[in-house]
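To be precise, the following lines are entry_6.txt, and they hold compact mmCIF, C-alpha atoms.
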# COMPACT_ATOMS: atom_id res chain seq x y z
CA MET A 1 -19.46 -15.54 11.10
CA ASN A 2 -17.67 -18.28 12.99
CA ASP A 3 -16.42 -21.48 11.34
CA ALA A 4 -19.47 -23.56 12.31
CA THR A 5 -21.90 -20.98 10.89
CA HIS A 6 -19.73 -20.60 7.82
CA ASN A 7 -19.74 -24.37 7.18
CA GLU A 8 -23.47 -24.55 7.79
CA GLU A 9 -24.06 -21.80 5.22
CA ARG A 10 -21.92 -23.61 2.65
CA GLN A 11 -23.86 -26.82 3.22
CA VAL A 12 -27.27 -25.16 3.03
CA ALA A 13 -26.27 -23.26 -0.14
CA SER A 14 -24.91 -26.37 -1.82
CA ASN A 15 -28.01 -28.35 -0.95
CA LEU A 16 -30.33 -25.62 -2.27
CA VAL A 17 -28.46 -25.39 -5.58
CA ILE A 18 -28.64 -29.16 -6.11
CA ARG A 19 -32.37 -29.25 -5.30
CA VAL A 20 -33.14 -26.31 -7.61
CA GLN A 21 -31.22 -27.97 -10.42
CA LYS A 22 -33.34 -31.09 -9.91
CA GLY A 23 -36.47 -28.98 -10.43
CA ASP A 24 -37.55 -28.69 -6.78
CA ARG A 25 -39.81 -25.58 -6.68
CA ALA A 26 -39.91 -25.55 -2.86
CA ALA A 27 -36.12 -25.17 -2.89
CA GLU A 28 -36.45 -22.12 -5.17
CA THR A 29 -38.84 -20.48 -2.70
CA GLU A 30 -36.49 -21.33 0.16
CA MET A 31 -33.52 -19.87 -1.73
CA VAL A 32 -35.32 -16.64 -2.59
CA GLU A 33 -36.55 -16.22 0.99
CA ARG A 34 -33.11 -16.86 2.45
CA TYR A 35 -31.15 -14.37 0.35
CA SER A 36 -33.64 -11.68 -0.74
CA ARG A 37 -33.33 -9.48 2.33
CA GLY A 38 -29.55 -9.23 1.96
CA LEU A 39 -29.73 -8.71 -1.78
CA ARG A 40 -32.34 -5.99 -1.34
CA PHE A 41 -30.11 -4.21 1.20
CA LEU A 42 -27.08 -4.49 -1.08
CA LEU A 43 -28.97 -3.21 -4.13
CA ARG A 44 -30.53 -0.35 -2.20
CA ARG A 45 -27.07 0.76 -1.04
CA LYS A 46 -25.60 0.48 -4.53
CA THR A 47 -28.42 2.09 -6.52
CA ARG A 48 -29.71 4.55 -3.86
CA ASP A 49 -33.11 3.99 -5.39
CA SER A 50 -35.64 1.63 -3.78
CA ASN A 51 -37.67 1.12 -6.96
CA LEU A 52 -34.61 0.36 -9.03
CA ALA A 53 -33.36 -1.98 -6.28
CA GLU A 54 -36.65 -3.93 -6.49
CA ASP A 55 -36.30 -4.16 -10.29
CA PHE A 56 -32.75 -5.44 -9.96
CA LEU A 57 -33.68 -7.87 -7.18
CA GLN A 58 -36.21 -9.42 -9.52
CA GLU A 59 -33.66 -9.46 -12.34
CA THR A 60 -31.00 -11.02 -10.09
CA TRP A 61 -33.35 -13.90 -9.31
CA ALA A 62 -34.42 -14.25 -12.94
CA ILE A 63 -30.78 -14.60 -14.02
CA ALA A 64 -29.75 -16.83 -11.10
CA LEU A 65 -32.69 -19.22 -11.22
CA VAL A 66 -32.44 -19.77 -14.99
CA LYS A 67 -28.72 -20.50 -14.66
CA ILE A 68 -29.09 -22.81 -11.64
CA ARG A 69 -32.07 -24.68 -13.13
CA GLU A 70 -30.15 -25.31 -16.35
CA ASN A 71 -26.55 -25.83 -15.28
CA GLY A 72 -26.24 -25.56 -11.50
CA LEU A 73 -23.16 -23.70 -10.22
CA ASP A 74 -19.48 -24.56 -10.38
CA ASN A 75 -19.15 -23.77 -6.66
CA PRO A 76 -22.64 -24.32 -5.23
CA GLU A 77 -21.41 -23.63 -1.70
CA ARG A 78 -20.54 -20.07 -2.84
CA LEU A 79 -24.15 -19.33 -3.84
CA ALA A 80 -24.20 -16.10 -1.78
CA GLY A 81 -21.09 -14.84 -3.58
CA TYR A 82 -22.61 -15.72 -6.95
CA LEU A 83 -25.81 -13.79 -6.14
CA CYS A 84 -23.79 -10.79 -4.90
CA GLY A 85 -21.87 -10.85 -8.18
CA ILE A 86 -25.05 -10.63 -10.28
CA ALA A 87 -26.54 -7.87 -8.10
CA ASN A 88 -23.31 -5.85 -8.15
CA ASN A 89 -23.02 -6.17 -11.92
CA LEU A 90 -26.57 -4.93 -12.41
CA ALA A 91 -25.94 -1.95 -10.13
CA LEU A 92 -22.62 -1.22 -11.82
CA GLY A 93 -24.28 -1.46 -15.23
CA GLU A 94 -26.79 1.14 -14.14
CA ARG A 95 -24.00 3.44 -13.00
CA ARG A 96 -22.30 3.05 -16.35
CA ARG A 97 -25.64 3.75 -18.01
CA VAL A 98 -25.33 0.60 -20.02
CA ASN A 99 -28.24 -1.31 -18.65
CA ARG A 100 -31.19 1.02 -18.48
CA GLN A 101 -33.98 -1.05 -19.95
CA ARG A 102 -36.84 -1.27 -17.52
CA THR A 103 -37.12 -4.82 -16.25
CA SER A 104 -40.17 -6.58 -17.58
CA VAL A 105 -42.22 -7.95 -14.71
CA ASN A 106 -41.81 -11.66 -14.19
CA SER A 107 -44.84 -12.47 -12.07
CA GLU A 108 -43.56 -15.95 -11.23
CA ILE A 109 -40.38 -14.49 -9.69
CA VAL A 110 -42.21 -11.56 -8.07
CA ALA A 111 -44.46 -14.02 -6.25
CA LEU A 112 -41.39 -15.72 -4.77
CA ILE A 113 -39.78 -12.53 -3.42
CA PRO A 114 -40.72 -11.88 0.22
CA ASP A 115 -42.41 -8.62 1.16
CA GLU A 116 -40.09 -6.20 2.99
CA SER A 117 -42.88 -4.89 5.22
CA SER A 118 -42.17 -7.71 7.68
CA ASN A 119 -38.79 -6.13 8.46
CA PRO A 120 -39.06 -3.87 11.56
CA PHE A 121 -36.03 -1.78 10.55
CA ARG A 122 -37.69 -0.81 7.26
CA GLN A 123 -41.11 -0.40 8.85
CA VAL A 124 -40.15 2.30 11.30
CA SER A 125 -41.07 5.70 9.89
CA ARG A 126 -38.63 8.61 9.73
CA ALA A 127 -40.54 10.56 12.37
CA GLU A 128 -40.59 7.56 14.68
CA LEU A 129 -36.88 6.99 14.04
CA CYS A 130 -36.15 10.62 14.95
CA LYS A 131 -38.01 10.15 18.24
CA GLN A 132 -36.10 6.97 18.99
CA VAL A 133 -32.73 8.56 18.20
CA ARG A 134 -33.59 11.58 20.36
CA GLY A 135 -34.41 9.21 23.24
CA LEU A 136 -31.13 7.44 22.68
CA LEU A 137 -29.17 10.71 22.71
CA GLU A 138 -30.92 11.85 25.89
CA ASN A 139 -29.84 8.65 27.60
CA LEU A 140 -26.17 9.25 26.84
CA THR A 141 -24.54 10.26 30.08
CA LYS A 142 -21.48 11.88 28.53
CA GLU A 143 -21.73 14.83 26.16
CA ARG A 144 -18.55 13.57 24.54
CA ASP A 145 -20.29 10.33 23.46
CA ARG A 146 -23.01 12.33 21.77
CA GLU A 147 -20.34 14.34 20.02
CA ILE A 148 -18.66 11.15 18.82
CA LEU A 149 -21.92 9.99 17.22
CA GLU A 150 -22.63 13.36 15.68
CA ARG A 151 -19.15 13.80 14.29
CA PHE A 152 -19.07 10.29 12.84
CA TYR A 153 -22.57 9.96 11.40
CA VAL A 154 -23.58 13.54 10.66
CA ARG A 155 -20.36 15.36 9.88
CA GLU A 156 -18.82 12.18 8.46
CA GLU A 157 -15.45 12.76 10.07
CA ASP A 158 -13.20 9.72 10.21
CA LYS A 159 -12.47 7.71 13.32
CA GLU A 160 -8.84 8.77 13.65
CA SER A 161 -9.53 12.50 13.57
CA ILE A 162 -12.46 12.19 16.00
CA CYS A 163 -10.37 10.19 18.48
CA LYS A 164 -7.56 12.73 18.21
CA ARG A 165 -9.80 15.77 18.56
CA LEU A 166 -11.82 14.41 21.48
CA ASP A 167 -8.87 12.64 23.07
CA VAL A 168 -10.52 9.21 23.21
CA ASP A 169 -9.01 5.86 22.32
CA GLY A 170 -10.20 3.66 19.47
CA ILE A 171 -11.77 1.09 21.78
CA HIS A 172 -13.94 3.71 23.47
CA PHE A 173 -14.95 5.05 20.07
CA ASN A 174 -15.98 1.57 18.88
CA ARG A 175 -17.85 0.95 22.10
CA VAL A 176 -19.91 4.15 21.79
CA LEU A 177 -20.91 3.36 18.21
CA TYR A 178 -21.60 -0.28 18.95
CA ARG A 179 -23.71 0.46 22.03
CA ALA A 180 -25.69 3.18 20.25
CA ARG A 181 -26.45 0.75 17.45
CA GLN A 182 -27.45 -2.04 19.87
CA ARG A 183 -29.63 0.37 21.82
CA LEU A 184 -31.45 1.56 18.69
CA LYS A 185 -31.81 -2.03 17.51
CA SER A 186 -33.45 -3.10 20.75
CA VAL A 187 -35.76 -0.04 20.77
CA ILE A 188 -36.90 -0.79 17.20
CA GLU A 189 -37.34 -4.49 17.91
CA ALA A 190 -39.27 -3.76 21.11
CA ALA A 191 -41.55 -1.34 19.24
CA ASP A 192 -42.07 -4.01 16.59
CA ARG A 193 -43.01 -6.60 19.23
CA ARG A 194 -45.47 -4.13 20.80
CA SER A 195 -47.07 -3.50 17.41
CA HIS A 196 -47.85 -7.23 17.16
CA PHE A 197 -49.97 -7.25 20.32
CA ARG A 198 -53.65 -7.60 19.54
CA VAL A 199 -56.69 -7.23 21.78
CA VAL A 200 -58.50 -10.55 21.42
CA SER A 201 -61.29 -10.31 23.97
CA MET B 202 -14.59 -13.20 10.20
CA ASP B 203 -16.35 -13.65 13.50
CA GLU B 204 -18.75 -11.21 15.17
CA LYS B 205 -16.10 -10.01 17.63
CA TYR B 206 -13.81 -8.96 14.80
CA THR B 207 -16.76 -7.29 13.12
CA LYS B 208 -17.43 -5.18 16.21
CA GLU B 209 -13.80 -4.34 16.92
CA ASP B 210 -12.91 -3.33 13.41
CA MET B 211 -16.17 -1.48 12.76
CA LEU B 212 -16.73 -3.46 9.59
CA VAL B 213 -20.40 -2.51 9.58
CA GLU B 214 -19.67 1.22 9.65
CA ARG B 215 -16.74 0.92 7.27
CA TYR B 216 -18.90 -0.97 4.79
CA LEU B 217 -21.64 1.66 4.98
CA GLU B 218 -19.06 4.39 4.47
CA GLY B 219 -17.61 2.52 1.47
CA LYS B 220 -14.21 2.35 3.17
CA LEU B 221 -13.55 -1.39 2.78
CA THR B 222 -11.27 -2.66 0.05
CA ALA B 223 -12.91 -4.41 -2.92
CA GLU B 224 -11.91 -7.78 -1.51
CA GLN B 225 -13.22 -6.99 1.98
CA THR B 226 -16.45 -5.64 0.49
CA ALA B 227 -17.05 -8.81 -1.55
CA SER B 228 -16.36 -11.02 1.46
CA PHE B 229 -18.57 -8.91 3.75
CA GLU B 230 -21.45 -8.85 1.26
CA GLU B 231 -21.28 -12.60 0.84
CA GLN B 232 -21.38 -12.91 4.61
CA PHE B 233 -24.35 -10.63 5.30
CA LEU B 234 -26.41 -12.15 2.51
CA SER B 235 -27.05 -15.21 4.62
CA SER B 236 -26.85 -13.68 8.10
CA ASP B 237 -29.98 -12.08 9.52
CA GLU B 238 -27.99 -11.05 12.58
CA LEU B 239 -25.47 -9.11 10.51
CA LEU B 240 -28.24 -7.58 8.40
CA ASN B 241 -29.90 -6.38 11.60
CA GLU B 242 -26.61 -4.72 12.60
CA LEU B 243 -26.27 -3.10 9.18
CA GLU B 244 -29.83 -1.83 9.11
CA ALA B 245 -29.56 -0.55 12.69
CA ALA B 246 -26.34 1.34 11.82
CA GLU B 247 -27.92 2.74 8.66
CA ARG B 248 -31.02 3.85 10.57
CA LEU B 249 -28.89 5.32 13.38
CA GLY B 250 -27.01 7.43 10.83
CA GLN B 251 -30.24 8.52 9.18
CA GLY B 252 -31.88 9.32 12.54
CA LEU B 253 -28.88 11.36 13.71
CA HIS B 254 -28.89 13.27 10.42
CA ASP B 255 -32.58 14.08 10.83
CA VAL B 256 -32.26 15.07 14.49
CA SER B 257 -29.30 17.30 13.64
CA ALA B 258 -31.18 18.85 10.72
CA LEU B 259 -34.16 19.59 12.98
CA GLU B 260 -31.93 21.14 15.64
CA ASN B 261 -30.15 23.26 13.03
CA ALA B 262 -33.52 24.31 11.63
CA HIS B 263 -34.37 25.83 15.02
CA VAL B 264 -31.09 27.73 15.01
CA THR B 265 -31.82 28.96 11.49
CA LYS B 266 -35.24 30.09 12.63
CA LYS B 267 -33.71 32.23 15.36
CA LEU B 268 -31.28 33.74 12.89
CA THR B 269 -34.11 34.34 10.46
CA SER B 270 -36.01 36.42 12.98
CA ASN B 271 -32.92 38.66 13.39
CA VAL B 272 -32.73 38.97 9.63
CA VAL B 273 -36.43 39.87 9.48
CA SER B 274 -35.96 42.68 12.02
CA LEU B 275 -33.06 44.02 9.92
CA PHE B 276 -35.23 43.95 6.81
CA GLN B 277 -37.92 45.91 8.63
CA SER B 278 -35.62 48.76 9.68
CA PRO B 279 -35.97 52.17 7.87
CA ARG B 280 -32.22 52.34 7.28
CA TYR B 281 -32.33 49.03 5.43
CA ALA B 282 -35.28 50.23 3.34
CA MET B 283 -33.38 53.37 2.29
CA ALA B 284 -30.21 51.46 1.43
CA ALA B 285 -32.15 48.81 -0.48
CA SER B 286 -34.07 51.43 -2.51
CA PHE B 287 -30.82 53.17 -3.44
CA MET B 288 -29.19 49.87 -4.48
CA LEU B 289 -32.26 48.94 -6.48
CA LEU B 290 -32.12 52.21 -8.42
CA VAL B 291 -28.43 51.77 -9.18
CA SER B 292 -28.84 48.16 -10.29
CA LEU B 293 -31.87 48.97 -12.48
CA SER B 294 -29.93 51.73 -14.25
CA VAL B 295 -26.96 49.42 -14.91
CA SER B 296 -29.28 46.59 -16.05
CA SER B 297 -31.17 48.77 -18.52
CA VAL B 298 -27.91 50.00 -20.09
CA LEU B 299 -26.65 46.39 -20.40
CA LEU B 300 -29.98 45.21 -21.79
CA GLN B 301 -29.92 47.83 -24.54
CA LYS B 302 -26.31 47.05 -25.41
CA ASN B 303 -26.82 43.27 -25.58
CA ALA B 304 -30.34 43.08 -26.95
CA HIS B 305 -29.13 41.60 -30.23
CA LEU B 306 -27.55 38.65 -28.42
CA SER B 307 -30.68 37.53 -26.69
CA GLU B 308 -33.60 35.43 -27.78
CA PHE B 309 -35.65 37.15 -25.15
CA ASP B 310 -35.54 40.82 -26.02
CA SER B 311 -38.76 42.79 -25.81
CA ASN B 312 -39.24 43.00 -29.56
CA GLN B 313 -39.16 39.27 -30.03
CA ALA B 314 -41.26 37.41 -27.47
CA VAL B 315 -40.15 33.80 -27.11
CA PRO B 316 -42.93 31.31 -26.44
CA SER B 317 -42.49 28.88 -23.58
CA GLU B 318 -43.50 25.26 -23.72
CA ILE B 319 -44.05 23.58 -20.36
CA ILE B 320 -43.41 19.84 -20.47
CA PRO B 321 -43.57 17.44 -17.51
CA LEU B 322 -40.94 14.77 -18.12
CA VAL B 323 -42.15 11.22 -17.62
CA SER B 324 -39.88 9.06 -15.49
CA VAL B 325 -39.29 5.93 -17.54
CA ARG B 326 -35.83 4.53 -18.12
CA GLY B 327 -34.43 3.50 -21.50
CA ALA B 328 -35.89 3.79 -24.95
CA ALA B 329 -39.49 4.00 -23.71
CA GLY B 330 -38.58 7.18 -21.82
CA ASN B 331 -37.29 8.79 -24.99
CA GLU B 332 -40.44 7.93 -26.90
CA LEU B 333 -42.68 9.37 -24.21
CA ASN B 334 -40.56 12.49 -23.76
CA THR B 335 -40.19 13.59 -27.37
CA LEU B 336 -40.06 17.35 -27.88
CA PRO B 337 -40.48 19.00 -31.28
CA LEU B 338 -37.77 21.59 -31.91
CA GLY B 339 -39.79 23.61 -34.45
CA ASP B 340 -38.54 26.42 -36.66
CA THR B 341 -38.85 29.37 -34.29
CA PRO B 342 -36.89 29.86 -31.08
CA LYS B 343 -38.66 28.87 -27.90
CA GLN B 344 -38.04 28.14 -24.28
CA PHE B 345 -38.62 24.60 -23.02
CA VAL B 346 -39.63 24.50 -19.37
CA LEU B 347 -39.06 20.91 -18.29
CA MET B 348 -40.87 19.92 -15.10
CA LEU B 349 -38.89 17.42 -13.01
CA ASP B 350 -40.15 15.43 -10.06
CA PRO B 351 -37.63 15.78 -7.19
CA GLY B 352 -38.98 12.64 -5.42
CA PHE B 353 -40.09 12.26 -1.84
CA GLU B 354 -36.82 12.86 0.03
CA PRO B 355 -36.44 16.57 0.71
CA TYR B 356 -33.09 18.18 -0.13
CA SER B 357 -31.90 21.73 0.55
CA HIS B 358 -31.59 22.36 -3.15
CA TYR B 359 -31.23 20.52 -6.43
CA ARG B 360 -28.99 20.54 -9.47
CA ALA B 361 -29.99 19.47 -12.96
CA THR B 362 -27.45 18.74 -15.68
CA VAL B 363 -28.44 18.15 -19.29
CA TYR B 364 -26.25 15.82 -21.34
CA ARG B 365 -26.34 15.26 -25.06
CA LEU B 366 -26.03 11.58 -25.93
CA ASP B 367 -24.22 10.51 -29.07
CA THR B 368 -23.91 6.82 -29.78
CA ASP B 369 -20.21 7.00 -30.61
CA LYS B 370 -19.10 9.52 -27.97
CA GLU B 371 -19.20 10.02 -24.23
CA PRO B 372 -22.24 12.03 -23.02
CA ALA B 373 -21.43 15.74 -23.39
CA MET B 374 -22.56 18.19 -20.73
CA LEU B 375 -24.73 20.86 -22.30
CA TRP B 376 -26.50 22.85 -19.61
CA GLN B 377 -26.51 22.97 -15.84
CA VAL B 378 -28.76 24.71 -13.35
CA ASP B 379 -27.91 24.71 -9.64
CA GLU B 380 -29.75 25.95 -6.55
CA MET B 381 -33.09 24.71 -7.87
CA LEU B 382 -36.05 24.54 -5.49
CA PRO B 383 -39.44 22.87 -5.97
CA GLY B 384 -42.17 25.29 -7.01
CA TYR B 385 -45.48 24.67 -8.75
CA GLU B 386 -46.98 21.33 -7.61
CA ASP B 387 -43.69 20.56 -5.85
CA MET B 388 -41.93 20.14 -9.19
CA LEU B 389 -38.59 21.55 -10.30
CA ALA B 390 -38.68 23.71 -13.41
CA LEU B 391 -35.68 23.52 -15.70
CA SER B 392 -35.68 26.25 -18.32
CA LEU B 393 -33.84 25.34 -21.51
CA PRO B 394 -33.62 27.58 -24.62
CA SER B 395 -34.26 25.74 -27.88
CA SER B 396 -31.18 27.42 -29.38
CA VAL B 397 -28.85 25.10 -27.43
CA LEU B 398 -30.64 21.96 -28.66
CA SER B 399 -30.56 20.03 -31.91
CA THR B 400 -32.23 16.80 -32.93
CA GLY B 401 -31.01 13.81 -30.94
CA ASP B 402 -31.15 12.09 -27.56
CA TYR B 403 -30.58 13.81 -24.23
CA GLU B 404 -30.72 13.02 -20.60
CA ILE B 405 -31.04 15.06 -17.44
CA GLN B 406 -29.19 14.06 -14.34
CA LEU B 407 -30.97 15.31 -11.24
CA GLU B 408 -28.98 15.61 -8.02
CA GLY B 409 -29.77 16.72 -4.49
CA TRP B 410 -27.78 18.58 -1.86
CA LEU B 411 -28.32 18.89 1.90
CA ASP B 412 -26.87 21.96 3.58
CA GLU B 413 -25.66 20.00 6.59
CA TRP B 414 -23.35 17.91 4.42
CA PRO B 415 -19.65 18.76 4.56
CA ALA B 416 -18.26 20.60 1.52
CA ASN B 417 -16.45 17.51 0.25
CA HIS B 418 -19.59 15.34 0.33
CA GLY B 419 -20.72 15.86 -3.26
CA PHE B 420 -24.25 15.90 -4.67
CA GLU B 421 -26.40 12.81 -4.38
CA GLN B 422 -27.75 11.47 -7.64
CA LEU B 423 -31.55 11.24 -7.54
CA ASP B 424 -32.82 10.48 -10.99
CA ILE B 425 -31.94 10.38 -14.65
CA LYS B 426 -34.57 11.36 -17.19
CA SER B 427 -34.30 10.86 -20.92
CA PHE B 428 -35.79 12.94 -23.67
CA LYS B 429 -35.53 13.21 -27.41
CA ILE B 430 -35.53 16.27 -29.65
CA GLU B 431 -37.15 15.96 -33.06
CA LYS B 432 -37.28 18.42 -35.93

Rewritten as structure tokens:
Amino acid sequence: MNDATHNEERQVASNLVIRVQKGDRAAETEMVERYSRGLRFLLRRKTRDSNLAEDFLQETWAIALVKIRENGLDNPERLAGYLCGIANNLALGERRRVNRQRTSVNSEIVALIPDESSNPFRQVSRAELCKQVRGLLENLTKERDREILERFYVREEDKESICKRLDVDGIHFNRVLYRARQRLKSVIEAADRRSHFRVVS
Amino acid sequence: MDEKYTKEDMLVERYLEGKLTAEQTASFEEQFLSSDELLNELEAAERLGQGLHDVSALENAHVTKKLTSNVVSLFQSPRYAMAASFMLLVSLSVSSVLLQKNAHLSEFDSNQAVPSEIIPLVSVRGAAGNELNTLPLGDTPKQFVLMLDPGFEPYSHYRATVYRLDTDKEPAMLWQVDEMLPGYEDMLALSLPSSVLSTGDYEIQLEGWLDEWPANHGFEQLDIKSFKIEK
């Protein structure tokens, strides 16, 4: 994030917090839509359980919105950090087996949380993903690049040992991973765009 | 942190691997929360890893299939049949001697049939889970067969660990079964003798293992189920 984007985020966050504190319901919807995707990703990584992540996402918003409506935030521009803090504490609580009460459904909050099915990365099925990754591997011109990906992602070897073993430098290693990721991203996004075509005649 | 730095230092991969410091992690999480572009990168990297795992697993499955056919031809050979029969006789003789010697130690000897109680455990967290999964201990020994749902993600095998929960102590490990595989109705069956249980609260930690993981990977936690034992 460059400085301009960073400043813009701080301004948007601050503005949202002030509006929510004033009772602006549209600002609440805007806030939930802006940060839910990231929170969902974070919670899914931390809990390794999609259902639990959804429960905690709802709980994160329940805690955050009550607090912001009543008292605002000390540092409204750090809204993202505040939300991360709540989500991480809920996930940590689960790991410590302290907080295991099932979240009661708050239909008002649930209605605010955007549906994840609009996200192409989550939409793509495992079989489809396999096909796309196979295509990506077939397009790699060097066997060594394929080996870099396999060693890093599948065998979970670290960068230093892979570079040493395959006699490649760190920049080449980064480039292979970065390009593979970009390639997969564009394949998934292209497939998503195709799936939106409709015959209208 | 600008995008260039992110690419060069592999922050995305390092975050997914859990190799950032606590401070870097907090800063990175705060950053991706409001950046669709960075979230796209993270999700693409996560999906790339998952796809490569799946492709590798499929390729290894083909190799295993080839090996299996060699193993099948070995099993079909007359020499193997003779050797196996001989080994079976020897092991049966040893087993019957041991069974007679240790009959008094077992709940399951032939003179004292132990009834089994098959119980599917309901997956609800917290106190509600305990209430739904309440098992009566009874006065006579029995074998609880607890049916566990392994979930949708397939693993090579599963491990279930039973912990006894005491309010004033750390959970104490009581029983562990490894190498479990789904059987009837794709459920895992955990057999637990009543003699190791007493009234109180328990939970079962269910973990999965994939054979392609390196030895230092560790099991992946899948589910925790609670149950209660009553008199």

Worksheet entry | Separation of CA of Asp49 (chain A) from CA of Ile86 (chain A) in Å |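 For CA of Ile86 (chain A) relative to CA of Asp49 (chain A), the distance reads 17.4 Å.
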
Worksheet item: For chain A, which of B:Met374, B:Ala227, B:Leu234, B:Ala285 is the closest residue, counting only C-alpha atoms?
Response: B:Leu234

Pull out every residue of chain A sitting within 8 Å of chain B, counting only C-alpha atoms, and send them as a PDB file with C-alpha atoms, in the frame of the given file.
ATOM      1  CA  MET A   1     -19.460 -15.540  11.100  1.00  0.00           C
ATOM      2  CA  ASN A   2     -17.670 -18.280  12.990  1.00  0.00           C
ATOM      3  CA  GLU A   9     -24.060 -21.800   5.220  1.00  0.00           C
ATOM      4  CA  ARG A  34     -33.110 -16.860   2.450  1.00  0.00           C
ATOM      5  CA  TYR A  35     -31.150 -14.370   0.350  1.00  0.00           C
ATOM      6  CA  SER A  36     -33.640 -11.680  -0.740  1.00  0.00           C
ATOM      7  CA  ARG A  37     -33.330  -9.480   2.330  1.00  0.00           C
ATOM      8  CA  GLY A  38     -29.550  -9.230   1.960  1.00  0.00           C
ATOM      9  CA  LEU A  39     -29.730  -8.710  -1.780  1.00  0.00           C
ATOM     10  CA  LEU A  42     -27.080  -4.490  -1.080  1.00  0.00           C
ATOM     11  CA  ARG A  48     -29.710   4.550  -3.860  1.00  0.00           C
ATOM     12  CA  ASP A  49     -33.110   3.990  -5.390  1.00  0.00           C
ATOM     13  CA  ALA A  80     -24.200 -16.100  -1.780  1.00  0.00           C
ATOM     14  CA  GLY A  81     -21.090 -14.840  -3.580  1.00  0.00           C
ATOM     15  CA  CYS A  84     -23.790 -10.790  -4.900  1.00  0.00           C
ATOM     16  CA  ARG A 100     -31.190   1.020 -18.480  1.00  0.00           C
ATOM     17  CA  GLN A 101     -33.980  -1.050 -19.950  1.00  0.00           C
ATOM     18  CA  ARG A 102     -36.840  -1.270 -17.520  1.00  0.00           C
ATOM     19  CA  PHE A 121     -36.030  -1.780  10.550  1.00  0.00           C
ATOM     20  CA  ARG A 126     -38.630   8.610   9.730  1.00  0.00           C
ATOM     21  CA  LEU A 129     -36.880   6.990  14.040  1.00  0.00           C
ATOM     22  CA  CYS A 130     -36.150  10.620  14.950  1.00  0.00           C
ATOM     23  CA  VAL A 133     -32.730   8.560  18.200  1.00  0.00           C
ATOM     24  CA  ARG A 134     -33.590  11.580  20.360  1.00  0.00           C
ATOM     25  CA  LEU A 149     -21.920   9.990  17.220  1.00  0.00           C
ATOM     26  CA  GLU A 150     -22.630  13.360  15.680  1.00  0.00           C
ATOM     27  CA  TYR A 153     -22.570   9.960  11.400  1.00  0.00           C
ATOM     28  CA  VAL A 154     -23.580  13.540  10.660  1.00  0.00           C
ATOM     29  CA  ARG A 155     -20.360  15.360   9.880  1.00  0.00           C
ATOM     30  CA  GLU A 156     -18.820  12.180   8.460  1.00  0.00           C
ATOM     31  CA  ILE A 171     -11.770   1.090  21.780  1.00  0.00           C
ATOM     32  CA  ASN A 174     -15.980   1.570  18.880  1.00  0.00           C
ATOM     33  CA  TYR A 178     -21.600  -0.280  18.950  1.00  0.00           C
ATOM     34  CA  ALA A 180     -25.690   3.180  20.250  1.00  0.00           C
ATOM     35  CA  ARG A 181     -26.450   0.750  17.450  1.00  0.00           C
ATOM     36  CA  GLN A 182     -27.450  -2.040  19.870  1.00  0.00           C
ATOM     37  CA  LEU A 184     -31.450   1.560  18.690  1.00  0.00           C
ATOM     38  CA  LYS A 185     -31.810  -2.030  17.510  1.00  0.00           C
TER      39      LYS A 185
END

Item to complete: Might you pull out every residue within 9 Å of Phe345 (chain B), with only C-alpha atoms counted and same-chain residues fewer than 3 positions away left off, and present them as a list in words?
Response: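 Contacts, with the query itself left out: Pro316, Ser317, Glu318, Ile319, Ile320, Leu336, Leu391, Ser392, Leu393, Pro394 and Ser395 of chain B.
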
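CA of Gln58 (chain A) sits 16.8 Å away from CA of Arg25 (chain A).
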
Worksheet item: For the atom pair CA of Val17 (chain A) and CA of Ala87 (chain A), what is the interatomic distance in Å to one decimal place?
Response: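 Atom-to-atom, CA of Val17 (chain A) to CA of Ala87 (chain A), that is 17.8 Å.
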
Discussion item. If we count only C-alpha atoms and set the cut-off at 6 Å, which residues sit around region 403-408 of chain B, ignoring sequence neighbours fewer than 2 positions away in its own chain? Please answer as a ChimeraX atom specification.
Written reply: /B:359-366,420-429

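Within 10 Å of Lys159 (chain A), once only C-alpha atoms are used and residues closer than 4 positions along the same chain are dropped, the contacting residues are A:Ile148, A:Arg151, A:Phe152, A:Cys163, A:Lys164, A:Arg165, A:Asp169, A:Gly170, A:Phe173, A:Asn174, B:Met211.
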
Those residues with C-alpha atoms, as a short mmCIF file (atom, residue, chain, number, x, y, z; two decimals), in the frame of the given file please?
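Done, and the output landed in selection01.cif:
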data_model
loop_
_atom_site.label_atom_id
_atom_site.label_comp_id
_atom_site.auth_asym_id
_atom_site.auth_seq_id
_atom_site.Cartn_x
_atom_site.Cartn_y
_atom_site.Cartn_z
CA ILE A 148 -18.66 11.15 18.82
CA ARG A 151 -19.15 13.80 14.29
CA PHE A 152 -19.07 10.29 12.84
CA CYS A 163 -10.37 10.19 18.48
CA LYS A 164 -7.56 12.73 18.21
CA ARG A 165 -9.80 15.77 18.56
CA ASP A 169 -9.01 5.86 22.32
CA GLY A 170 -10.20 3.66 19.47
CA PHE A 173 -14.95 5.05 20.07
CA ASN A 174 -15.98 1.57 18.88
CA MET B 211 -16.17 -1.48 12.76
#

Which residues come within 9 Å of Lys46 (chain A), counting all atoms listed in the file, excluding same-chain residues fewer than 5 positions away, as a JSON list (two decimals) with C-alpha atoms, in the coordinates of the input?
[["chain", "number", "residue", "atom", "x", "y", "z"],
["A", 41, "PHE", "CA", -30.11, -4.21, 1.20],
["A", 53, "ALA", "CA", -33.36, -1.98, -6.28],
["A", 88, "ASN", "CA", -23.31, -5.85, -8.15],
["A", 91, "ALA", "CA", -25.94, -1.95, -10.13],
["A", 92, "LEU", "CA", -22.62, -1.22, -11.82]]
